[in-house]
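Trainee: Contents of query_38.pdb (PDB, C-alpha atoms):
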ATOM      1  CA  MET A 257      27.379  24.960  18.819
ATOM      2  CA  GLU A 258      27.678  21.737  16.876
ATOM      3  CA  LYS A 259      24.823  21.061  14.472
ATOM      4  CA  ILE A 260      23.210  17.622  14.207
ATOM      5  CA  LYS A 261      21.645  16.698  10.893
ATOM      6  CA  LEU A 262      18.054  15.481  10.991
ATOM      7  CA  GLU A 263      15.855  13.563   8.577
ATOM      8  CA  ILE A 264      12.094  13.221   8.426
ATOM      9  CA  LEU A 265      11.038   9.762   9.604
ATOM     10  CA  GLY A 266       7.283  10.104   9.573
ATOM     11  CA  LEU A 267       4.108  12.057  10.054
ATOM     12  CA  SER A 268       1.240  10.553  12.065
ATOM     13  CA  PRO A 269      -1.974  11.761  13.697
ATOM     14  CA  SER A 270      -1.273  12.858  17.259
ATOM     15  CA  GLN A 271      -2.948  10.920  20.046
ATOM     16  CA  SER A 272      -2.313  13.698  22.568
ATOM     17  CA  GLN A 273      -3.921  16.574  20.637
ATOM     18  CA  ALA A 274      -6.946  16.096  18.384
ATOM     19  CA  GLY A 275      -6.546  17.607  14.918
ATOM     20  CA  SER A 276      -2.762  17.707  15.286
ATOM     21  CA  PHE A 277       0.020  15.594  13.829
ATOM     22  CA  ALA A 278       3.314  14.329  15.192
ATOM     23  CA  LEU A 279       6.216  15.000  12.861
ATOM     24  CA  VAL A 280       9.039  12.668  13.843
ATOM     25  CA  LEU A 281      12.592  13.685  12.992
ATOM     26  CA  GLY A 282      15.617  11.476  13.572
ATOM     27  CA  GLU A 283      19.298  12.254  13.882
ATOM     28  CA  GLU A 284      21.173  11.118  10.782
ATOM     29  CA  TYR A 285      23.754   8.888  12.495
ATOM     30  CA  GLY A 286      22.042   8.061  15.740
ATOM     31  CA  ASN A 287      18.962   6.608  17.331
ATOM     32  CA  ARG A 288      17.414   9.690  18.888
ATOM     33  CA  ARG A 289      14.072  10.941  17.610
ATOM     34  CA  LEU A 290      12.607  14.415  17.896
ATOM     35  CA  PRO A 291       8.787  14.419  17.779
ATOM     36  CA  ILE A 292       7.190  17.810  17.073
ATOM     37  CA  ILE A 293       3.439  18.374  17.271
ATOM     38  CA  ILE A 294       2.188  20.419  14.307
ATOM     39  CA  GLY A 295      -1.183  21.526  12.963
ATOM     40  CA  MET A 296      -3.214  19.850  10.239
ATOM     41  CA  PHE A 297      -2.473  22.471   7.555
ATOM     42  CA  GLU A 298       1.251  22.408   8.268
ATOM     43  CA  ALA A 299       1.208  18.599   8.126
ATOM     44  CA  GLN A 300      -0.600  18.808   4.799
ATOM     45  CA  ALA A 301       2.039  21.217   3.411
ATOM     46  CA  ILE A 302       4.794  18.779   4.405
ATOM     47  CA  ALA A 303       2.933  15.662   3.227
ATOM     48  CA  ILE A 304       2.159  16.952  -0.274
ATOM     49  CA  GLU A 305       5.821  17.790  -0.842
ATOM     50  CA  ILE A 306       6.981  14.394   0.467
ATOM     51  CA  GLU A 307       4.398  12.669  -1.757
ATOM     52  CA  LYS A 308       5.225  14.979  -4.707
ATOM     53  CA  ILE A 309       1.566  15.886  -5.237
ATOM     54  CA  GLN A 310       0.910  18.922  -7.420
ATOM     55  CA  PRO A 311      -1.814  21.048  -5.790
ATOM     56  CA  ASN A 312      -4.323  22.848  -8.012
ATOM     57  CA  ARG A 313      -3.129  26.181  -6.626
ATOM     58  CA  PRO A 314       0.261  27.111  -5.141
ATOM     59  CA  MET A 315       0.469  26.722  -1.385
ATOM     60  CA  THR A 316       2.064  29.346   0.854
ATOM     61  CA  HIS A 317       5.425  27.542   0.930
ATOM     62  CA  ASP A 318       5.417  27.287  -2.869
ATOM     63  CA  LEU A 319       4.827  31.053  -3.023
ATOM     64  CA  PHE A 320       7.774  31.561  -0.670
ATOM     65  CA  LYS A 321       9.955  29.532  -3.029
ATOM     66  CA  SER A 322       8.778  31.467  -6.106
ATOM     67  CA  PHE A 323       9.307  34.783  -4.328
ATOM     68  CA  ALA A 324      12.817  33.816  -3.175
ATOM     69  CA  LYS A 325      13.826  32.648  -6.655
ATOM     70  CA  ALA A 326      12.426  35.818  -8.256
ATOM     71  CA  PHE A 327      14.790  37.871  -6.078
ATOM     72  CA  ASN A 328      17.738  35.459  -6.465
ATOM     73  CA  TYR A 329      17.612  34.191  -2.919
ATOM     74  CA  SER A 330      18.430  30.609  -2.083
ATOM     75  CA  VAL A 331      17.786  28.741   1.132
ATOM     76  CA  ASN A 332      20.966  27.126   2.452
ATOM     77  CA  GLU A 333      19.780  25.279   5.555
ATOM     78  CA  ILE A 334      17.137  25.056   8.260
ATOM     79  CA  ILE A 335      17.968  24.815  11.958
ATOM     80  CA  ILE A 336      15.567  23.925  14.740
ATOM     81  CA  SER A 337      17.286  26.404  16.955
ATOM     82  CA  ASP A 338      15.522  26.644  20.283
ATOM     83  CA  LEU A 339      13.049  25.029  22.664
ATOM     84  CA  ARG A 340      11.343  27.286  25.187
ATOM     85  CA  GLU A 341       8.493  26.198  27.461
ATOM     86  CA  GLY A 342       7.810  23.194  25.233
ATOM     87  CA  ILE A 343       7.670  25.250  22.018
ATOM     88  CA  PHE A 344      10.193  24.695  19.227
ATOM     89  CA  PHE A 345      11.667  27.562  17.199
ATOM     90  CA  ALA A 346      13.455  27.408  13.856
ATOM     91  CA  ARG A 347      15.602  29.571  11.615
ATOM     92  CA  ILE A 348      15.821  29.647   7.835
ATOM     93  CA  TYR A 349      19.286  30.576   6.528
ATOM     94  CA  CYS A 350      19.069  32.331   3.149
ATOM     95  CA  SER A 351      21.556  33.989   0.827
ATOM     96  CA  ASP A 352      21.520  36.107  -2.302
ATOM     97  CA  GLY A 353      25.147  35.262  -3.027
ATOM     98  CA  VAL A 354      26.428  38.401  -1.307
ATOM     99  CA  ARG A 355      24.840  38.433   2.112
ATOM    100  CA  GLU A 356      23.241  35.870   4.354
ATOM    101  CA  THR A 357      19.872  36.489   5.979
ATOM    102  CA  VAL A 358      18.366  34.569   8.875
ATOM    103  CA  ILE A 359      14.566  34.332   9.158
ATOM    104  CA  ASP A 360      12.752  33.119  12.277
ATOM    105  CA  ALA A 361      10.025  30.551  11.591
ATOM    106  CA  ARG A 362       7.888  27.846  13.098
ATOM    107  CA  PRO A 363       9.585  24.463  12.633
ATOM    108  CA  SER A 364       6.660  23.148  10.574
ATOM    109  CA  ASP A 365       6.947  26.026   8.090
ATOM    110  CA  ALA A 366      10.740  25.806   8.009
ATOM    111  CA  ILE A 367      10.578  22.048   7.292
ATOM    112  CA  ALA A 368       8.004  22.556   4.517
ATOM    113  CA  ILE A 369      10.384  25.110   2.982
ATOM    114  CA  ALA A 370      13.413  22.825   3.449
ATOM    115  CA  LEU A 371      11.625  20.119   1.458
ATOM    116  CA  ARG A 372      10.810  22.528  -1.377
ATOM    117  CA  PHE A 373      14.390  23.824  -1.592
ATOM    118  CA  ASN A 374      15.915  20.378  -0.936
ATOM    119  CA  VAL A 375      18.199  21.693   1.812
ATOM    120  CA  PRO A 376      19.471  20.033   5.004
ATOM    121  CA  LEU A 377      17.695  20.234   8.331
ATOM    122  CA  TYR A 378      19.655  20.531  11.583
ATOM    123  CA  THR A 379      19.251  20.990  15.313
ATOM    124  CA  TYR A 380      21.634  21.371  18.238
ATOM    125  CA  GLU A 381      22.714  18.814  20.834
ATOM    126  CA  THR A 382      20.978  20.806  23.592
ATOM    127  CA  ILE A 383      17.613  20.442  21.819
ATOM    128  CA  LEU A 384      18.041  16.692  21.198
ATOM    129  CA  SER A 385      19.189  16.149  24.787
ATOM    130  CA  GLU A 386      16.172  17.986  26.177
ATOM    131  CA  ALA A 387      13.374  16.833  23.846
ATOM    132  CA  GLY A 388      14.769  13.817  22.001
ATOM    133  CA  ILE A 389      13.618  10.263  22.622
ATOM    134  CA  VAL A 390      15.973   7.325  22.204
ATOM    135  CA  SER A 391      14.673   4.698  19.786
ATOM    136  CA  GLY A 392      15.254   0.988  20.323
ATOM    137  CA  THR A 393      17.257   0.560  17.114
ATOM    138  CA  GLN A 394      18.394   2.684  14.248
ATOM    139  CA  ASN A 395      17.125   0.225  11.662
ATOM    140  CA  GLU A 396      13.465   0.258  12.643
ATOM    141  CA  PRO A 397      12.241   3.821  12.099
ATOM    142  CA  GLU A 398       8.642   2.735  11.457
ATOM    143  CA  ASP A 399       8.469   0.943  14.803
ATOM    144  CA  ALA A 400      10.063   3.913  16.519
ATOM    145  CA  ILE A 401       7.546   6.312  15.019
ATOM    146  CA  GLU A 402       4.622   4.133  16.018
ATOM    147  CA  GLU A 403       5.968   3.890  19.561
ATOM    148  CA  LEU A 404       6.706   7.616  19.829
ATOM    149  CA  VAL A 405       3.399   8.977  18.627
ATOM    150  CA  GLN A 406       1.238   6.009  19.624
ATOM    151  CA  SER A 407      -0.508   6.171  16.282
ATOM    152  CA  PRO A 408      -3.767   4.283  15.928
ATOM    153  CA  LYS A 409      -4.069   1.227  13.698
ATOM    154  CA  PRO A 410      -4.344   2.179  10.013
ATOM    155  CA  ARG A 411      -7.808   3.331   9.073
ATOM    156  CA  SER A 412      -9.932   1.369   6.678
ATOM    157  CA  LEU A 413      -9.454   3.862   3.805
ATOM    158  CA  ASN A 414      -6.834   1.619   2.171
ATOM    159  CA  ASP A 415      -9.185  -1.356   2.447
ATOM    160  CA  GLN A 416     -12.000   0.691   0.922
ATOM    161  CA  LEU A 417      -9.761   1.775  -1.954
ATOM    162  CA  LYS A 418      -8.833  -1.825  -2.761
ATOM    163  CA  ASN A 419     -12.489  -2.638  -3.369
ATOM    164  CA  MET A 420     -13.222   0.313  -5.696
ATOM    165  CA  SER A 421     -13.182   0.366  -9.474
ATOM    166  CA  LEU A 422     -10.608   2.495 -11.321
ATOM    167  CA  GLU A 423     -13.386   4.879 -12.379
ATOM    168  CA  ASP A 424     -14.479   5.365  -8.765
ATOM    169  CA  LEU A 425     -10.882   5.847  -7.670
ATOM    170  CA  GLN A 426     -10.355   8.527 -10.318
ATOM    171  CA  ARG A 427     -13.589  10.265  -9.289
ATOM    172  CA  ILE A 428     -12.688  10.418  -5.582
ATOM    173  CA  LEU A 429      -9.114  11.434  -6.476
ATOM    174  CA  ASP A 430     -10.499  14.429  -8.378
ATOM    175  CA  GLU A 431     -12.774  15.261  -5.437
ATOM    176  CA  ALA A 432      -9.910  15.016  -2.941
ATOM    177  CA  LEU A 433      -7.704  17.311  -5.048
ATOM    178  CA  SER A 434     -10.476  19.875  -5.540
ATOM    179  CA  ASN A 435     -11.087  19.845  -1.761
ATOM    180  CA  GLU A 436      -7.307  20.133  -1.173
ATOM    181  CA  GLU A 437      -7.251  16.836   0.775
ATOM    182  CA  TYR A 438      -3.751  15.983  -0.384
ATOM    183  CA  GLU A 439      -2.971  13.200   2.051
ATOM    184  CA  LYS A 440      -6.109  11.334   0.968
ATOM    185  CA  ALA A 441      -5.272  12.066  -2.685
ATOM    186  CA  ALA A 442      -1.815  10.521  -2.238
ATOM    187  CA  LYS A 443      -3.311   7.277  -0.942
ATOM    188  CA  ILE A 444      -5.776   7.132  -3.828
ATOM    189  CA  ARG A 445      -3.020   7.868  -6.344
ATOM    190  CA  ASP A 446      -0.884   5.094  -4.847
ATOM    191  CA  GLU A 447      -3.742   2.610  -5.226
ATOM    192  CA  ILE A 448      -4.264   3.619  -8.880
ATOM    193  CA  THR A 449      -0.514   3.309  -9.536
ATOM    194  CA  ARG A 450      -0.412  -0.110  -7.856
ATOM    195  CA  ARG A 451      -3.057  -1.403 -10.271
ATOM    196  CA  ASN A 452      -1.370  -0.062 -13.427
TER     197      ASN A 452
END
The structure in this file should be written as structure tokens.
Mentor:
Amino acid sequence: MEKIKLEILGLSPSQSQAGSFALVLGEEYGNRRLPIIIGMFEAQAIAIEIEKIQPNRPMTHDLFKSFAKAFNYSVNEIIISDLREGIFFARIYCSDGVRETVIDARPSDAIAIALRFNVPLYTYETILSEAGIVSGTQNEPEDAIEELVQSPKPRSLNDQLKNMSLEDLQRILDEALSNEEYEKAAKIRDEITRRN
């Protein structure tokens, strides 16, 4: 089967399932989008790698990377390989230079690992045909994401951050990191960076 390369377009709170997130993937040279509903912890693992936040302690996907490197395994690619009864399945393709190993995984875990190893993410035409949504235009991914996941208007956290002193921002950044609230920490860090 022909593989179609995907890229991560966005991660937004899901309107359909409380406490869940919609991870929106898009085909590299097309206008189809593949929204996948994932849990809060999986979304956090993806978000901290996208935002390049260093957690206080290694997360599970970081441990996977350390373990693989210790045994000279590399990850070559990730494929969202199947869709059964509305549930996506993925495969992680690894190699030690001599043999290739395929590991079954949840797409959210496989994507978090793909980000850490900086490897491509693919799916098959059958998956995109069945679960993909056609976006209005290729050049407006933000609009497409908003339309796909029906995300609410941005919360007032950014407005609150704009009105805080640098000392207060640093204090709540430290709190967010110690509580492992990495998405919140990224927003606070961005506000501090904007001011410097």
Trainee: Which residues are close to Lys259 in chain A, i.e. within 12 Å by all atoms listed in the file, leaving aside same-chain residues fewer than 2 positions away? Reply as a PyMOL selection string.
Mentor: chain A and resi 257+261-262+283-284+333-337+376-384
Trainee: Ser276 in chain A: which residues within 7 Å, counting all atoms listed in the file, same-chain residues fewer than 5 positions away excluded, as a VMD selection string?
Mentor: chain A and resid 269 to 270 293 to 296
Trainee: Please provide the set of residues having any atom within 10 Å of range 427-437 of chain A, restricted to only C-alpha atoms, with same-chain residues fewer than 5 positions apart removed, written as number ranges by chain.
Mentor: A: 300, 304, 309-313, 417, 421-422, 442-445, 448
Trainee: Excluding Ile359 in chain A and any residue of its chain fewer than 3 positions from it, enumerate the residues within 12 Å of it, using only C-alpha atoms, and give them as a PyMOL selection string.
Mentor: chain A and resi 331-337+345-351+356+362-363+365-366+369
Trainee: Write a file of the selected residues as an mmCIF file, keeping the file's coordinate frame, keeping C-alpha atoms.
Mentor:
data_model
loop_
_atom_site.group_PDB
_atom_site.id
_atom_site.type_symbol
_atom_site.label_atom_id
_atom_site.label_comp_id
_atom_site.auth_asym_id
_atom_site.auth_seq_id
_atom_site.Cartn_x
_atom_site.Cartn_y
_atom_site.Cartn_z
ATOM 1 C CA VAL A 331 17.786 28.741 1.132
ATOM 2 C CA ASN A 332 20.966 27.126 2.452
ATOM 3 C CA GLU A 333 19.780 25.279 5.555
ATOM 4 C CA ILE A 334 17.137 25.056 8.260
ATOM 5 C CA ILE A 335 17.968 24.815 11.958
ATOM 6 C CA ILE A 336 15.567 23.925 14.740
ATOM 7 C CA SER A 337 17.286 26.404 16.955
ATOM 8 C CA PHE A 345 11.667 27.562 17.199
ATOM 9 C CA ALA A 346 13.455 27.408 13.856
ATOM 10 C CA ARG A 347 15.602 29.571 11.615
ATOM 11 C CA ILE A 348 15.821 29.647 7.835
ATOM 12 C CA TYR A 349 19.286 30.576 6.528
ATOM 13 C CA CYS A 350 19.069 32.331 3.149
ATOM 14 C CA SER A 351 21.556 33.989 0.827
ATOM 15 C CA GLU A 356 23.241 35.870 4.354
ATOM 16 C CA ARG A 362 7.888 27.846 13.098
ATOM 17 C CA PRO A 363 9.585 24.463 12.633
ATOM 18 C CA ASP A 365 6.947 26.026 8.090
ATOM 19 C CA ALA A 366 10.740 25.806 8.009
ATOM 20 C CA ILE A 369 10.384 25.110 2.982
#
Trainee: Produce the centre coordinates and the three edge lengths, each in Å to one decimal, of the box along x, y and z that contains all listed atoms of range 379-387 of chain A with 6 Å added on each side, as JSON.
Mentor:
{"center_x": 18.0, "center_y": 18.8, "center_z": 20.7, "size_x": 21.3, "size_y": 17.2, "size_z": 22.9}
Trainee: Applying the PyMOL selection byres ((chain A and resi 353) around 9) to the file I just gave you, which residues come out? Please list them as an MDAnalysis selection string.
Mentor: chainID A and resid 328:330 351:352 354:356
Trainee: Just to confirm, what's the straight-line distance from CA of Asp318 in chain A to CA of Ala361 in chain A in Å (one decimal)?
Mentor: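 CA of Ala361 in chain A lies at a distance of 15.5 Å from CA of Asp318 in chain A.
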Trainee: One decimal, in Å: what's the spacing between CA of Tyr438 in chain A and CA of Phe297 in chain A?
Mentor: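 Computing it gives 10.3 Å between the two atoms.
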Trainee: In Å, with one decimal, what is the gap from CA of Lys440 in chain A to CA of Ile367 in chain A?
Mentor: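 Result for CA of Lys440 in chain A versus CA of Ile367 in chain A: 20.8 Å, one decimal.
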Trainee: Can you work out which one of A:Lys418, A:Phe277, A:Glu423, A:Phe373 has the shortest atom-to-atom distance to Lys325 in chain A, counting all atoms listed in the file?
Mentor: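 That would be A:Phe373, the residue with the smallest distance to Lys325 in chain A.
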Trainee: Could you tell me which residues the PyMOL selection byres ((chain A and resi 263) around 6) returns for this structure, as an MDAnalysis selection string?
Mentor: chainID A and resid 262 264 281:282
Trainee: Looking at A:Ala326, A:Ile292, A:Ala368, A:Ala441, which one is nearest to Gln273 in chain A, with distances taken over only C-alpha atoms?
Mentor: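 With only C-alpha atoms as the atom set, the closest residue is A:Ile292.
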Trainee: Can you list, as a list of chain:residue names, the residues that the PyMOL selection byres ((chain A and resi 266) around 7) selects here?
Mentor: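 Output from the PyMOL selection byres ((chain A and resi 266) around 7), applied to this file: A:Ile264, A:Leu265, A:Leu267, A:Ser268, A:Leu279, A:Val280, A:Ile401.
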Trainee: Some atoms are missing, so please complete range 317-342 of chain A with N, CA, C and O atoms and return it as an mmCIF file, keeping the file's coordinate frame.
Mentor:
data_model
loop_
_atom_site.group_PDB
_atom_site.id
_atom_site.type_symbol
_atom_site.label_atom_id
_atom_site.label_comp_id
_atom_site.auth_asym_id
_atom_site.auth_seq_id
_atom_site.Cartn_x
_atom_site.Cartn_y
_atom_site.Cartn_z
ATOM 1 N N HIS A 317 3.996 27.854 0.995
ATOM 2 C CA HIS A 317 5.425 27.542 0.930
ATOM 3 C C HIS A 317 5.930 27.538 -0.510
ATOM 4 O O HIS A 317 7.088 27.850 -0.771
ATOM 5 N N ASP A 318 5.052 27.202 -1.456
ATOM 6 C CA ASP A 318 5.417 27.287 -2.869
ATOM 7 C C ASP A 318 5.578 28.746 -3.283
ATOM 8 O O ASP A 318 6.468 29.090 -4.068
ATOM 9 N N LEU A 319 4.717 29.617 -2.746
ATOM 10 C CA LEU A 319 4.827 31.053 -3.023
ATOM 11 C C LEU A 319 6.138 31.602 -2.465
ATOM 12 O O LEU A 319 6.799 32.428 -3.100
ATOM 13 N N PHE A 320 6.507 31.141 -1.269
ATOM 14 C CA PHE A 320 7.774 31.561 -0.670
ATOM 15 C C PHE A 320 8.935 31.195 -1.598
ATOM 16 O O PHE A 320 9.831 32.004 -1.841
ATOM 17 N N LYS A 321 8.891 29.982 -2.131
ATOM 18 C CA LYS A 321 9.955 29.532 -3.029
ATOM 19 C C LYS A 321 9.996 30.378 -4.302
ATOM 20 O O LYS A 321 11.070 30.821 -4.734
ATOM 21 N N SER A 322 8.836 30.648 -4.888
ATOM 22 C CA SER A 322 8.778 31.467 -6.106
ATOM 23 C C SER A 322 9.289 32.883 -5.832
ATOM 24 O O SER A 322 10.029 33.453 -6.632
ATOM 25 N N PHE A 323 8.883 33.438 -4.714
ATOM 26 C CA PHE A 323 9.307 34.783 -4.328
ATOM 27 C C PHE A 323 10.825 34.836 -4.142
ATOM 28 O O PHE A 323 11.501 35.733 -4.650
ATOM 29 N N ALA A 324 11.371 33.855 -3.424
ATOM 30 C CA ALA A 324 12.817 33.816 -3.175
ATOM 31 C C ALA A 324 13.585 33.699 -4.487
ATOM 32 O O ALA A 324 14.568 34.409 -4.707
ATOM 33 N N LYS A 325 13.133 32.826 -5.370
ATOM 34 C CA LYS A 325 13.826 32.648 -6.655
ATOM 35 C C LYS A 325 13.739 33.900 -7.518
ATOM 36 O O LYS A 325 14.688 34.243 -8.221
ATOM 37 N N ALA A 326 12.593 34.596 -7.468
ATOM 38 C CA ALA A 326 12.426 35.818 -8.256
ATOM 39 C C ALA A 326 13.426 36.890 -7.847
ATOM 40 O O ALA A 326 13.838 37.718 -8.669
ATOM 41 N N PHE A 327 13.836 36.882 -6.573
ATOM 42 C CA PHE A 327 14.790 37.871 -6.078
ATOM 43 C C PHE A 327 16.175 37.267 -5.849
ATOM 44 O O PHE A 327 16.989 37.819 -5.115
ATOM 45 N N ASN A 328 16.436 36.132 -6.497
ATOM 46 C CA ASN A 328 17.738 35.459 -6.465
ATOM 47 C C ASN A 328 18.205 35.081 -5.059
ATOM 48 O O ASN A 328 19.392 35.152 -4.755
ATOM 49 N N TYR A 329 17.264 34.698 -4.241
ATOM 50 C CA TYR A 329 17.612 34.191 -2.919
ATOM 51 C C TYR A 329 17.551 32.679 -2.942
ATOM 52 O O TYR A 329 16.685 32.087 -3.586
ATOM 53 N N SER A 330 18.478 32.059 -2.240
ATOM 54 C CA SER A 330 18.430 30.609 -2.083
ATOM 55 C C SER A 330 18.388 30.302 -0.589
ATOM 56 O O SER A 330 18.849 31.091 0.226
ATOM 57 N N VAL A 331 17.799 29.189 -0.254
ATOM 58 C CA VAL A 331 17.786 28.741 1.132
ATOM 59 C C VAL A 331 18.931 27.750 1.273
ATOM 60 O O VAL A 331 19.061 26.826 0.476
ATOM 61 N N ASN A 332 19.782 27.967 2.267
ATOM 62 C CA ASN A 332 20.966 27.126 2.452
ATOM 63 C C ASN A 332 20.745 25.993 3.446
ATOM 64 O O ASN A 332 21.249 24.888 3.251
ATOM 65 N N GLU A 333 20.032 26.296 4.538
ATOM 66 C CA GLU A 333 19.780 25.279 5.555
ATOM 67 C C GLU A 333 18.697 25.757 6.501
ATOM 68 O O GLU A 333 18.383 26.944 6.558
ATOM 69 N N ILE A 334 18.147 24.793 7.236
ATOM 70 C CA ILE A 334 17.137 25.056 8.260
ATOM 71 C C ILE A 334 17.683 24.515 9.573
ATOM 72 O O ILE A 334 18.228 23.406 9.598
ATOM 73 N N ILE A 335 17.524 25.286 10.646
ATOM 74 C CA ILE A 335 17.968 24.815 11.958
ATOM 75 C C ILE A 335 16.819 24.954 12.955
ATOM 76 O O ILE A 335 16.246 26.034 13.093
ATOM 77 N N ILE A 336 16.483 23.852 13.596
ATOM 78 C CA ILE A 336 15.567 23.925 14.740
ATOM 79 C C ILE A 336 16.437 24.416 15.876
ATOM 80 O O ILE A 336 17.279 23.686 16.394
ATOM 81 N N SER A 337 16.282 25.683 16.189
ATOM 82 C CA SER A 337 17.286 26.404 16.955
ATOM 83 C C SER A 337 17.030 26.543 18.443
ATOM 84 O O SER A 337 17.957 26.815 19.200
ATOM 85 N N ASP A 338 15.799 26.380 18.876
ATOM 86 C CA ASP A 338 15.522 26.644 20.283
ATOM 87 C C ASP A 338 14.291 25.864 20.738
ATOM 88 O O ASP A 338 13.441 25.484 19.921
ATOM 89 N N LEU A 339 14.199 25.662 22.030
ATOM 90 C CA LEU A 339 13.049 25.029 22.664
ATOM 91 C C LEU A 339 12.811 25.783 23.956
ATOM 92 O O LEU A 339 13.642 25.774 24.855
ATOM 93 N N ARG A 340 11.675 26.503 24.004
ATOM 94 C CA ARG A 340 11.343 27.286 25.187
ATOM 95 C C ARG A 340 9.931 26.961 25.631
ATOM 96 O O ARG A 340 8.999 27.084 24.850
ATOM 97 N N GLU A 341 9.788 26.536 26.872
ATOM 98 C CA GLU A 341 8.493 26.198 27.461
ATOM 99 C C GLU A 341 7.715 25.217 26.587
ATOM 100 O O GLU A 341 6.523 25.361 26.357
ATOM 101 N N GLY A 342 8.428 24.233 26.035
ATOM 102 C CA GLY A 342 7.810 23.194 25.233
ATOM 103 C C GLY A 342 7.510 23.586 23.801
ATOM 104 O O GLY A 342 6.906 22.814 23.066
#
